[in-house]
file protein31.cif (mmCIF, N, CA and C atoms)
data_final
loop_
_atom_site.group_PDB
_atom_site.id
_atom_site.type_symbol
_atom_site.label_atom_id
_atom_site.label_comp_id
_atom_site.auth_asym_id
_atom_site.auth_seq_id
_atom_site.Cartn_x
_atom_site.Cartn_y
_atom_site.Cartn_z
ATOM 1 N N MET O 1 -66.875 -39.758 79.661
ATOM 2 C CA MET O 1 -66.707 -38.744 78.662
ATOM 3 C C MET O 1 -67.341 -39.198 77.354
ATOM 4 N N ALA O 2 -68.352 -38.474 76.929
ATOM 5 C CA ALA O 2 -69.047 -38.797 75.685
ATOM 6 C C ALA O 2 -68.410 -38.030 74.531
ATOM 7 N N TYR O 3 -68.319 -38.685 73.397
ATOM 8 C CA TYR O 3 -67.756 -38.061 72.205
ATOM 9 C C TYR O 3 -68.828 -37.713 71.193
ATOM 10 N N SER O 4 -69.912 -38.451 71.198
ATOM 11 C CA SER O 4 -71.037 -38.154 70.311
ATOM 12 C C SER O 4 -72.309 -38.683 70.949
ATOM 13 N N ARG O 5 -73.409 -38.085 70.555
ATOM 14 C CA ARG O 5 -74.727 -38.499 71.055
ATOM 15 C C ARG O 5 -75.691 -38.573 69.877
ATOM 16 N N TRP O 6 -76.744 -39.347 70.039
ATOM 17 C CA TRP O 6 -77.693 -39.545 68.960
ATOM 18 C C TRP O 6 -78.426 -38.283 68.551
ATOM 19 N N THR O 7 -78.428 -37.272 69.362
ATOM 20 C CA THR O 7 -79.131 -36.051 68.978
ATOM 21 C C THR O 7 -78.483 -35.359 67.789
ATOM 22 N N ASN O 8 -77.186 -35.635 67.568
ATOM 23 C CA ASN O 8 -76.494 -34.985 66.449
ATOM 24 C C ASN O 8 -75.653 -35.959 65.626
ATOM 25 N N SER O 9 -75.862 -37.247 65.788
ATOM 26 C CA SER O 9 -75.016 -38.234 65.121
ATOM 27 C C SER O 9 -75.713 -39.594 65.061
ATOM 28 N N VAL O 10 -75.279 -40.451 64.127
ATOM 29 C CA VAL O 10 -75.768 -41.842 64.132
ATOM 30 C C VAL O 10 -75.038 -42.641 65.207
ATOM 31 N N TRP O 11 -73.951 -42.060 65.739
ATOM 32 C CA TRP O 11 -73.111 -42.725 66.741
ATOM 33 C C TRP O 11 -73.418 -42.197 68.137
ATOM 34 N N TYR O 12 -73.354 -43.098 69.083
ATOM 35 C CA TYR O 12 -73.322 -42.712 70.495
ATOM 36 C C TYR O 12 -72.053 -43.350 71.020
ATOM 37 N N THR O 13 -71.062 -42.542 71.335
ATOM 38 C CA THR O 13 -69.746 -43.061 71.725
ATOM 39 C C THR O 13 -69.278 -42.408 73.011
ATOM 40 N N PHE O 14 -68.570 -43.201 73.811
ATOM 41 C CA PHE O 14 -68.035 -42.668 75.055
ATOM 42 C C PHE O 14 -66.904 -43.565 75.559
ATOM 43 N N GLY O 15 -66.098 -43.006 76.438
ATOM 44 C CA GLY O 15 -65.018 -43.756 77.061
ATOM 45 C C GLY O 15 -65.478 -44.306 78.395
ATOM 46 N N THR O 16 -65.044 -45.516 78.694
ATOM 47 C CA THR O 16 -65.412 -46.181 79.939
ATOM 48 C C THR O 16 -64.321 -47.179 80.300
ATOM 49 N N SER O 17 -64.494 -47.865 81.397
ATOM 50 C CA SER O 17 -63.564 -48.945 81.720
ATOM 51 C C SER O 17 -63.988 -50.196 80.963
ATOM 52 N N LYS O 18 -63.050 -51.119 80.762
ATOM 53 C CA LYS O 18 -63.392 -52.347 80.028
ATOM 54 C C LYS O 18 -64.544 -53.095 80.680
ATOM 55 N N ASP O 19 -64.556 -53.120 82.014
ATOM 56 C CA ASP O 19 -65.619 -53.854 82.707
ATOM 57 C C ASP O 19 -66.838 -52.978 83.002
ATOM 58 N N GLY O 20 -66.745 -51.679 82.664
ATOM 59 C CA GLY O 20 -67.863 -50.776 82.871
ATOM 60 C C GLY O 20 -68.041 -50.313 84.310
ATOM 61 N N CYS O 21 -67.087 -50.664 85.174
ATOM 62 C CA CYS O 21 -67.188 -50.301 86.591
ATOM 63 C C CYS O 21 -66.024 -49.411 87.011
ATOM 64 N N GLY O 22 -66.327 -48.226 87.424
ATOM 65 C CA GLY O 22 -65.296 -47.342 87.960
ATOM 66 C C GLY O 22 -64.390 -46.734 86.909
ATOM 67 N N ARG O 23 -63.518 -45.862 87.383
ATOM 68 C CA ARG O 23 -62.561 -45.182 86.505
ATOM 69 C C ARG O 23 -61.354 -46.086 86.295
ATOM 70 N N PRO O 24 -60.950 -46.279 85.044
ATOM 71 C CA PRO O 24 -59.777 -47.117 84.775
ATOM 72 C C PRO O 24 -58.521 -46.564 85.445
ATOM 73 N N GLN O 25 -57.686 -47.454 85.910
ATOM 74 C CA GLN O 25 -56.458 -47.066 86.592
ATOM 75 C C GLN O 25 -55.279 -46.910 85.647
ATOM 76 N N LYS O 26 -55.337 -47.558 84.493
ATOM 77 C CA LYS O 26 -54.250 -47.456 83.512
ATOM 78 C C LYS O 26 -54.841 -47.378 82.115
ATOM 79 N N ARG O 27 -54.031 -46.920 81.190
ATOM 80 C CA ARG O 27 -54.504 -46.708 79.809
ATOM 81 C C ARG O 27 -55.122 -47.962 79.208
ATOM 82 N N SER O 28 -54.489 -49.083 79.419
ATOM 83 C CA SER O 28 -54.967 -50.324 78.794
ATOM 84 C C SER O 28 -56.331 -50.764 79.311
ATOM 85 N N ASP O 29 -56.808 -50.155 80.397
ATOM 86 C CA ASP O 29 -58.126 -50.492 80.938
ATOM 87 C C ASP O 29 -59.253 -49.654 80.332
ATOM 88 N N TRP O 30 -58.897 -48.643 79.526
ATOM 89 C CA TRP O 30 -59.913 -47.798 78.904
ATOM 90 C C TRP O 30 -60.540 -48.496 77.700
ATOM 91 N N TYR O 31 -61.804 -48.213 77.475
ATOM 92 C CA TYR O 31 -62.563 -48.824 76.381
ATOM 93 C C TYR O 31 -63.410 -47.739 75.708
ATOM 94 N N PHE O 32 -63.409 -47.717 74.391
ATOM 95 C CA PHE O 32 -64.198 -46.778 73.594
ATOM 96 C C PHE O 32 -65.458 -47.511 73.175
ATOM 97 N N LYS O 33 -66.567 -47.188 73.792
ATOM 98 C CA LYS O 33 -67.844 -47.862 73.559
ATOM 99 C C LYS O 33 -68.570 -47.211 72.392
ATOM 100 N N ILE O 34 -69.142 -48.035 71.518
ATOM 101 C CA ILE O 34 -69.860 -47.547 70.342
ATOM 102 C C ILE O 34 -71.264 -48.152 70.307
ATOM 103 N N PHE O 35 -72.243 -47.278 70.195
ATOM 104 C CA PHE O 35 -73.611 -47.708 69.927
ATOM 105 C C PHE O 35 -74.030 -47.103 68.599
ATOM 106 N N CYS O 36 -74.649 -47.923 67.767
ATOM 107 C CA CYS O 36 -75.185 -47.478 66.486
ATOM 108 C C CYS O 36 -76.214 -48.514 66.051
ATOM 109 N N ASP O 37 -77.366 -48.059 65.622
ATOM 110 C CA ASP O 37 -78.425 -48.988 65.208
ATOM 111 C C ASP O 37 -78.002 -49.909 64.075
ATOM 112 N N SER O 38 -77.045 -49.485 63.257
ATOM 113 C CA SER O 38 -76.644 -50.261 62.083
ATOM 114 C C SER O 38 -75.586 -51.321 62.350
ATOM 115 N N LEU O 39 -74.990 -51.322 63.544
ATOM 116 C CA LEU O 39 -73.942 -52.312 63.830
ATOM 117 C C LEU O 39 -74.558 -53.584 64.392
ATOM 118 N N GLU O 40 -73.980 -54.716 63.987
ATOM 119 C CA GLU O 40 -74.515 -55.995 64.434
ATOM 120 C C GLU O 40 -73.889 -56.459 65.744
ATOM 121 N N THR O 41 -72.545 -56.458 65.834
ATOM 122 C CA THR O 41 -71.898 -57.029 67.020
ATOM 123 C C THR O 41 -70.835 -56.148 67.660
ATOM 124 N N ILE O 42 -70.253 -55.226 66.920
ATOM 125 C CA ILE O 42 -69.172 -54.393 67.459
ATOM 126 C C ILE O 42 -69.720 -53.545 68.605
ATOM 127 N N GLY O 43 -69.088 -53.654 69.748
ATOM 128 C CA GLY O 43 -69.504 -52.846 70.889
ATOM 129 C C GLY O 43 -68.518 -51.752 71.206
ATOM 130 N N GLY O 44 -67.349 -51.839 70.589
ATOM 131 C CA GLY O 44 -66.319 -50.841 70.829
ATOM 132 C C GLY O 44 -64.935 -51.463 70.749
ATOM 133 N N PHE O 45 -63.959 -50.676 71.198
ATOM 134 C CA PHE O 45 -62.562 -51.102 71.116
ATOM 135 C C PHE O 45 -61.802 -50.636 72.341
ATOM 136 N N SER O 46 -60.803 -51.390 72.700
ATOM 137 C CA SER O 46 -59.944 -50.974 73.801
ATOM 138 C C SER O 46 -59.034 -49.841 73.334
ATOM 139 N N TYR O 47 -58.506 -49.113 74.291
ATOM 140 C CA TYR O 47 -57.526 -48.070 73.983
ATOM 141 C C TYR O 47 -56.382 -48.671 73.180
ATOM 142 N N ASP O 48 -55.885 -49.828 73.598
ATOM 143 C CA ASP O 48 -54.745 -50.466 72.920
ATOM 144 C C ASP O 48 -55.067 -50.795 71.465
ATOM 145 N N GLU O 49 -56.261 -51.304 71.204
ATOM 146 C CA GLU O 49 -56.646 -51.618 69.824
ATOM 147 C C GLU O 49 -56.645 -50.364 68.956
ATOM 148 N N LEU O 50 -57.223 -49.283 69.482
ATOM 149 C CA LEU O 50 -57.275 -48.044 68.716
ATOM 150 C C LEU O 50 -55.892 -47.438 68.538
ATOM 151 N N LYS O 51 -55.085 -47.475 69.566
ATOM 152 C CA LYS O 51 -53.744 -46.898 69.502
ATOM 153 C C LYS O 51 -52.865 -47.668 68.511
ATOM 154 N N ASN O 52 -52.979 -48.983 68.517
ATOM 155 C CA ASN O 52 -52.118 -49.825 67.680
ATOM 156 C C ASN O 52 -52.527 -49.856 66.213
ATOM 157 N N ASP O 53 -53.838 -49.804 65.920
ATOM 158 C CA ASP O 53 -54.265 -49.894 64.520
ATOM 159 C C ASP O 53 -55.692 -49.387 64.360
ATOM 160 N N ILE O 54 -55.831 -48.082 64.364
ATOM 161 C CA ILE O 54 -57.158 -47.479 64.269
ATOM 162 C C ILE O 54 -57.838 -47.822 62.940
ATOM 163 N N ASP O 55 -57.049 -47.948 61.872
ATOM 164 C CA ASP O 55 -57.646 -48.279 60.571
ATOM 165 C C ASP O 55 -58.230 -49.691 60.565
ATOM 166 N N LYS O 56 -57.612 -50.593 61.288
ATOM 167 C CA LYS O 56 -58.156 -51.953 61.416
ATOM 168 C C LYS O 56 -59.491 -51.908 62.172
ATOM 169 N N CYS O 57 -59.574 -51.058 63.176
ATOM 170 C CA CYS O 57 -60.825 -50.902 63.925
ATOM 171 C C CYS O 57 -61.921 -50.318 63.041
ATOM 172 N N ILE O 58 -61.568 -49.315 62.254
ATOM 173 C CA ILE O 58 -62.534 -48.719 61.317
ATOM 174 C C ILE O 58 -63.020 -49.775 60.328
ATOM 175 N N GLN O 59 -62.125 -50.590 59.825
ATOM 176 C CA GLN O 59 -62.525 -51.639 58.881
ATOM 177 C C GLN O 59 -63.446 -52.648 59.563
ATOM 178 N N ALA O 60 -63.181 -52.961 60.825
ATOM 179 C CA ALA O 60 -64.050 -53.878 61.569
ATOM 180 C C ALA O 60 -65.462 -53.296 61.692
ATOM 181 N N VAL O 61 -65.551 -51.990 61.933
ATOM 182 C CA VAL O 61 -66.863 -51.339 62.004
ATOM 183 C C VAL O 61 -67.558 -51.444 60.655
ATOM 184 N N LYS O 62 -66.852 -51.132 59.576
ATOM 185 C CA LYS O 62 -67.446 -51.223 58.234
ATOM 186 C C LYS O 62 -67.951 -52.632 57.952
ATOM 187 N N ASN O 63 -67.182 -53.627 58.368
ATOM 188 C CA ASN O 63 -67.560 -55.027 58.126
ATOM 189 C C ASN O 63 -68.753 -55.460 58.973
ATOM 190 N N ASP O 64 -69.029 -54.727 60.049
ATOM 191 C CA ASP O 64 -70.089 -55.107 60.977
ATOM 192 C C ASP O 64 -71.417 -54.409 60.691
ATOM 193 N N VAL O 65 -71.434 -53.501 59.740
ATOM 194 C CA VAL O 65 -72.670 -52.776 59.418
ATOM 195 C C VAL O 65 -73.683 -53.738 58.801
ATOM 196 N N ASN O 66 -74.872 -53.717 59.333
ATOM 197 C CA ASN O 66 -75.967 -54.536 58.815
ATOM 198 C C ASN O 66 -76.512 -53.863 57.556
ATOM 199 N N PRO O 67 -76.378 -54.510 56.393
ATOM 200 C CA PRO O 67 -76.819 -53.881 55.140
ATOM 201 C C PRO O 67 -78.337 -53.737 55.028
ATOM 202 N N ASN O 68 -79.069 -54.423 55.883
ATOM 203 C CA ASN O 68 -80.530 -54.364 55.821
ATOM 204 C C ASN O 68 -81.114 -53.172 56.568
ATOM 205 N N ILE O 69 -80.292 -52.481 57.327
ATOM 206 C CA ILE O 69 -80.776 -51.316 58.070
ATOM 207 C C ILE O 69 -80.572 -50.076 57.213
ATOM 208 N N LYS O 70 -81.638 -49.361 56.999
ATOM 209 C CA LYS O 70 -81.608 -48.166 56.154
ATOM 210 C C LYS O 70 -81.912 -46.942 57.006
ATOM 211 N N PRO O 71 -81.318 -45.811 56.726
ATOM 212 C CA PRO O 71 -80.317 -45.607 55.686
ATOM 213 C C PRO O 71 -78.973 -46.206 56.096
ATOM 214 N N SER O 72 -78.178 -46.529 55.116
ATOM 215 C CA SER O 72 -76.864 -47.120 55.349
ATOM 216 C C SER O 72 -75.905 -46.104 55.961
ATOM 217 N N ILE O 73 -74.913 -46.611 56.655
ATOM 218 C CA ILE O 73 -73.826 -45.777 57.181
ATOM 219 C C ILE O 73 -73.026 -45.254 55.994
ATOM 220 N N THR O 74 -72.760 -43.969 55.994
ATOM 221 C CA THR O 74 -72.019 -43.352 54.894
ATOM 222 C C THR O 74 -70.532 -43.258 55.230
ATOM 223 N N GLU O 75 -69.731 -43.015 54.219
ATOM 224 C CA GLU O 75 -68.293 -42.812 54.442
ATOM 225 C C GLU O 75 -68.057 -41.574 55.304
ATOM 226 N N LYS O 76 -68.900 -40.578 55.136
ATOM 227 C CA LYS O 76 -68.788 -39.373 55.968
ATOM 228 C C LYS O 76 -69.024 -39.723 57.443
ATOM 229 N N GLU O 77 -69.981 -40.584 57.714
ATOM 230 C CA GLU O 77 -70.255 -41.005 59.093
ATOM 231 C C GLU O 77 -69.129 -41.874 59.645
ATOM 232 N N ILE O 78 -68.513 -42.687 58.787
ATOM 233 C CA ILE O 78 -67.347 -43.474 59.205
ATOM 234 C C ILE O 78 -66.189 -42.532 59.547
ATOM 235 N N ALA O 79 -65.978 -41.523 58.729
ATOM 236 C CA ALA O 79 -64.917 -40.535 59.002
ATOM 237 C C ALA O 79 -65.204 -39.795 60.308
ATOM 238 N N GLU O 80 -66.468 -39.492 60.550
ATOM 239 C CA GLU O 80 -66.871 -38.852 61.802
ATOM 240 C C GLU O 80 -66.507 -39.743 62.994
ATOM 241 N N LEU O 81 -66.812 -41.036 62.887
ATOM 242 C CA LEU O 81 -66.484 -41.978 63.952
ATOM 243 C C LEU O 81 -64.982 -41.991 64.215
ATOM 244 N N LYS O 82 -64.202 -41.966 63.158
ATOM 245 C CA LYS O 82 -62.743 -41.988 63.322
ATOM 246 C C LYS O 82 -62.266 -40.759 64.105
ATOM 247 N N THR O 83 -62.899 -39.600 63.886
ATOM 248 C CA THR O 83 -62.493 -38.415 64.651
ATOM 249 C C THR O 83 -62.761 -38.611 66.137
ATOM 250 N N TYR O 84 -63.850 -39.277 66.475
ATOM 251 C CA TYR O 84 -64.151 -39.554 67.886
ATOM 252 C C TYR O 84 -63.129 -40.524 68.469
ATOM 253 N N MET O 85 -62.752 -41.519 67.687
ATOM 254 C CA MET O 85 -61.739 -42.478 68.140
ATOM 255 C C MET O 85 -60.404 -41.775 68.412
ATOM 256 N N LEU O 86 -60.008 -40.909 67.487
ATOM 257 C CA LEU O 86 -58.747 -40.179 67.652
ATOM 258 C C LEU O 86 -58.793 -39.258 68.867
ATOM 259 N N GLU O 87 -59.926 -38.619 69.069
ATOM 260 C CA GLU O 87 -60.086 -37.746 70.233
ATOM 261 C C GLU O 87 -59.986 -38.549 71.528
ATOM 262 N N PHE O 88 -60.602 -39.723 71.555
ATOM 263 C CA PHE O 88 -60.536 -40.606 72.713
ATOM 264 C C PHE O 88 -59.079 -40.974 73.026
ATOM 265 N N VAL O 89 -58.333 -41.425 72.021
ATOM 266 C CA VAL O 89 -56.935 -41.808 72.225
ATOM 267 C C VAL O 89 -56.129 -40.620 72.744
ATOM 268 N N GLU O 90 -56.344 -39.466 72.139
ATOM 269 C CA GLU O 90 -55.615 -38.256 72.548
ATOM 270 C C GLU O 90 -55.907 -37.904 74.009
ATOM 271 N N GLU O 91 -57.160 -37.979 74.419
ATOM 272 C CA GLU O 91 -57.520 -37.657 75.790
ATOM 273 C C GLU O 91 -56.920 -38.635 76.780
ATOM 274 N N ILE O 92 -56.909 -39.912 76.434
ATOM 275 C CA ILE O 92 -56.314 -40.908 77.330
ATOM 276 C C ILE O 92 -54.826 -40.637 77.478
ATOM 277 N N GLU O 93 -54.163 -40.299 76.400
ATOM 278 C CA GLU O 93 -52.733 -40.042 76.451
ATOM 279 C C GLU O 93 -52.399 -38.771 77.239
ATOM 280 N N LYS O 94 -53.294 -37.801 77.261
ATOM 281 C CA LYS O 94 -53.082 -36.574 78.023
ATOM 282 C C LYS O 94 -53.317 -36.778 79.531
ATOM 283 N N ASP O 95 -54.098 -37.793 79.857
ATOM 284 C CA ASP O 95 -54.462 -38.044 81.254
ATOM 285 C C ASP O 95 -53.254 -38.602 82.003
ATOM 286 N N GLU O 96 -52.696 -37.820 82.893
ATOM 287 C CA GLU O 96 -51.509 -38.242 83.631
ATOM 288 C C GLU O 96 -51.799 -39.325 84.649
ATOM 289 N N ASP O 97 -53.071 -39.499 85.016
ATOM 290 C CA ASP O 97 -53.426 -40.513 86.002
ATOM 291 C C ASP O 97 -53.548 -41.906 85.372
ATOM 292 N N ALA O 98 -53.680 -41.965 84.061
ATOM 293 C CA ALA O 98 -53.897 -43.270 83.403
ATOM 294 C C ALA O 98 -52.571 -43.890 83.022
#

call {"tool": "encode", "arguments": {"input": "protein31.cif", "output": "structure tokens"}}
result
Amino acid sequence: MAYSRWTNSVWYTFGTSKDGCGRPQKRSDWYFKIFCDSLETIGGFSYDELKNDIDKCIQAVKNDVNPNIKPSITEKEIAELKTYMLEFVEEIEKDEDA
């Protein structure tokens, strides 16, 4: 399940399993993958990380932005990313199989 794509966003985000193989069997196995040209090392967050402290995850993304890549990530784009994170958590919680 993709939440954003590069055609309309600086983010390419989607839900996957932590190991990238198959459908996760439980909530804690879900992973929110993030691709963005401006990030140095952050690859995403587990469902548990987002559920427990989404603001800490957002701060980690802000701290990982490479300042040498232009244009810089804006606060509006960070807020956009947070909406995708919240949508991901909500969908996992609605999934009765997870």

call {"tool": "residues_around", "arguments": {"input": "protein31.cif", "residues": "segment 47-61 of chain O", "least_positions_apart": "5", "cutoff": "6 Å", "atoms": "all atoms listed in the file", "output": "list in words"}}
result
Arg27, Ser28, Trp30, Tyr31 and Phe32 of chain O

call {"tool": "residues_around", "arguments": {"input": "protein31.cif", "residues": "Val10 of chain O", "least_positions_apart": "2", "cutoff": "9 Å", "atoms": "only C-alpha atoms", "output": "list in words"}}
result
Ser4, Arg5, Trp6, Thr7, Asn8, Tyr12, Phe35, Cys36, Asp37, Ser38, Ile73 and Glu77 of chain O

call {"tool": "write_last_selection", "arguments": {"input": "protein31.cif", "atoms": "N, CA and C atoms", "output": "compact mmCIF listing (two decimals), in the coordinates of the input"}}
result
# COMPACT_ATOMS: atom_id res chain seq x y z
N SER O 4 -69.91 -38.45 71.20
CA SER O 4 -71.04 -38.15 70.31
C SER O 4 -72.31 -38.68 70.95
N ARG O 5 -73.41 -38.08 70.56
CA ARG O 5 -74.73 -38.50 71.06
C ARG O 5 -75.69 -38.57 69.88
N TRP O 6 -76.74 -39.35 70.04
CA TRP O 6 -77.69 -39.54 68.96
C TRP O 6 -78.43 -38.28 68.55
N THR O 7 -78.43 -37.27 69.36
CA THR O 7 -79.13 -36.05 68.98
C THR O 7 -78.48 -35.36 67.79
N ASN O 8 -77.19 -35.64 67.57
CA ASN O 8 -76.49 -34.98 66.45
C ASN O 8 -75.65 -35.96 65.63
N TYR O 12 -73.35 -43.10 69.08
CA TYR O 12 -73.32 -42.71 70.50
C TYR O 12 -72.05 -43.35 71.02
N PHE O 35 -72.24 -47.28 70.19
CA PHE O 35 -73.61 -47.71 69.93
C PHE O 35 -74.03 -47.10 68.60
N CYS O 36 -74.65 -47.92 67.77
CA CYS O 36 -75.18 -47.48 66.49
C CYS O 36 -76.21 -48.51 66.05
N ASP O 37 -77.37 -48.06 65.62
CA ASP O 37 -78.42 -48.99 65.21
C ASP O 37 -78.00 -49.91 64.08
N SER O 38 -77.04 -49.48 63.26
CA SER O 38 -76.64 -50.26 62.08
C SER O 38 -75.59 -51.32 62.35
N ILE O 73 -74.91 -46.61 56.66
CA ILE O 73 -73.83 -45.78 57.18
C ILE O 73 -73.03 -45.25 55.99
N GLU O 77 -69.98 -40.58 57.71
CA GLU O 77 -70.26 -41.00 59.09
C GLU O 77 -69.13 -41.87 59.64

call {"tool": "select_by_dssp", "arguments": {"input": "protein31.cif", "residues": "chain O", "states": "strand (DSSP E)", "output": "ChimeraX atom specification"}}
result
/O:2-4,12-17,30-35,44-46

call {"tool": "closest_residue", "arguments": {"input": "protein31.cif", "among": "O:Ser17, O:Lys70, O:Lys26, O:Ile42", "to": "Glu93 of chain O", "atoms": "only C-alpha atoms"}}
result
O:Lys26

call {"tool": "select_by_dssp", "arguments": {"input": "protein31.cif", "residues": "chain O", "states": "alpha helix (DSSP H)", "output": "ChimeraX atom specification"}}
result
/O:47-64,75-94

call {"tool": "axis_aligned_box", "arguments": {"input": "protein31.cif", "around": "segment 85-97 of chain O", "padding_each_side": "4 Å", "output": "AutoDock Vina command-line options"}}
result
--center_x -57.1 --center_y -39.5 --center_z 76.7 --size_x 19.2 --size_y 13.9 --size_z 26.5

call {"tool": "atom_distance", "arguments": {"input": "protein31.cif", "atom1": "atom CA of Gly44 of chain O", "atom2": "atom CA of Arg23 of chain O"}}
result
17.1 Å

call {"tool": "atom_distance", "arguments": {"input": "protein31.cif", "atom1": "atom N of Val65 of chain O", "atom2": "atom N of Thr41 of chain O"}}
result
6.9 Å

call {"tool": "atom_distance", "arguments": {"input": "protein31.cif", "atom1": "atom CA of Cys21 of chain O", "atom2": "atom CA of Ala79 of chain O"}}
result
29.4 Å
